[in-house]
Amino acid sequence: MKKLTLIALFSLGTIFGQENNFKNYLADNKSTLDLENENQWELLKSDAEQNQFIILGESHGAQKAQLIDFNLLKYLNKTVGTKNYIAELDFAQATAVNEFLEKGNEEKLKKVFRYWIKIHAQWGNQDFYNKILKIRTLNLSLPKEKRIVFIGIDGVQDFENYLNYLKLFIGKNKIFDSLRVGLNKEYNDSNVEEISLFAQKYLDEIHQNKTEFEKVLKNKFSVFEYLIQNLSYSNSKSGVNRPEQLFRNYKQLYAILNLENQKLYGMWGYFHAHLVPVYYIGEDFASKLESSDHVSSKKIISVVCLPVDSQFNVWNTKTESWTKEPFSYDNKSLLQIEGINDLKELSIENSTTLFKLNGINSPFPKTGRLFNGLAPQGKLAGNFKNRDYAFQYVVLMRNSDWLNPLSKDF
């Protein structure tokens with residue numbers, strides 16, 4: 001009995017010691033962020049200099065994430081020259097944002113947001129809108145060659161806007177005849193499948209007559225081909241799910257826009273940004289990229305935002321309105337992240353704190369700590385067999401407000 005007691009005490013001591021290792025390491029590798037001031041991200045400066053693509057992950061709904069996004073973007077632009085924002089938007093939406101950033105026509109920008117308001121997407125909020133306004137103000141203070149531009153790599157979100165954008169590429173040449181007929185049809189949600197199937201057939205036509213299309217479209221050909229390809233993925237028979245589509249779109253635009261020697265940054269949904277596959281779910285955008293042979297695959301830094309004692313906006317279908325709900329990843333009613341209490345104990349209320357997981361003598365590689373957790377659907381666990389980190393940095397957002405929804409008549 002005495003021997004069993006000693007073994008039990010030894011085991012508890014070992015577990016406590018391991019827990020203490022994580023916390024002690026985090027205490028020496030953290031930085032409190034003041035989102036109203038510049039130069040707050042020195043903790044990740046070396047990684048920003050040595051890598052190409054920094055992806056910020058967040059679970060949509062918390063206001064602080066928008067502030068973090070702008071503050072980090074501004075820092076990266078100033079310190080390492082980042083100007084390419086890889087956006088969770090489709091190409092046409094990103095083009096509209098860029099037109100606003102360049103010319104200041106708010107109607108272009110509002111059109112993008114009105115679509116999100118119409119479909120009750122969390123993106124349709126005042127805080128995101130204000131961030132775009134701030135990026136334009138920042139751009140006006142920068143030389144033209146350093147100004148931020150959005151690159152939309154998502155699948156088609158707003159079909160009507162996307163199809164209208166495609167019309168800008170076609171002229172009177174007969175090679176566009178079938179496309180012109182297709183684009184002039186009245187669009188509605190019920191014929192998305194028909195339009196995307198048409199795009200697949202038209203893509204074959206482009207490939208069969210590539211020389212002629214290149215002659216007519218000149219330097220616009222590559223983007224035109226990309227737009228048709230992306231549209232074709234929208235049909236249910238394409239065999240391309242969203243993570244695969246994001247990955248393919250990223251690679252295609254990376255080549256078209258000659259991004260190989262340029263710094264990249266963007267804010268994405270939480271699961272799109274992690275670098276490991278998840279058991280029973282699989283790979284997502286960043287993990288697919290990290291495991292590929294793409295030139296940027298080993299030059300990715302993932303930073304994720306974890307909310308605690310915060311709030312987020314949820315659409316209530318019964319009341320047809322947005323409601324403010326609790327948002328905290330220390331509670332398994334939503335998501336209870338393993339080890340998140342360490343972050344809470346090393347920060348104070350209302351703060352925003354950056355933690356570096358990939359520092360010298362880090363205990364985090366392959367452990368899954370701060371990624372694995374419990375949700376109502378079951379256990380969330382990453383597959384770390386071939387990777388060390390799900391992400392290299394964590395930002396703990398404490399007491400964030402929700403995203404302020406835009407009104408229906410915006």
# chains A, B, ... in the order shown; residues from 1 in each chain; ligands from 1
>>> residues_around(residues="range 388-403 of chain A", least_positions_apart="4", cutoff="6 Å", atoms="only C-alpha atoms", output="VMD selection string")
chain A and resid 61 to 64 274 to 276 302 to 313 349 to 358 365 to 366
>>> residues_around(residues="Gly155 in chain A", least_positions_apart="4", cutoff="12 Å", atoms="only C-alpha atoms", output="VMD selection string")
chain A and resid 87 to 94 159 162 196 226 to 235 240 to 250
>>> select_by_dssp(residues="range 113-206 of chain A", states="alpha helix (DSSP H)", output="VMD selection string")
chain A and resid 113 to 118 126 to 140 159 to 167 177 to 184 192 to 206
>>> closest_residue(among="A:Glu99, A:Glu36, A:Asp284, A:Glu106", to="Trp268 in chain A", atoms="only C-alpha atoms")
A:Asp284
>>> residues_around(residues="Trp315 in chain A", least_positions_apart="3", cutoff="12 Å", atoms="only C-alpha atoms", output="PyMOL selection string")
chain A and resi 61+117-124+312+318-325+403+405
>>> select_by_dssp(residues="range 155-371 of chain A", states="strand (DSSP E)", output="ChimeraX atom specification")
/A:264-269,300-308,310-316,321-327,330-331,335-337,352-356
>>> closest_residue(among="A:Tyr85, A:Phe198, A:Tyr280, A:Tyr25", to="Leu259 in chain A", atoms="only C-alpha atoms")
A:Tyr85
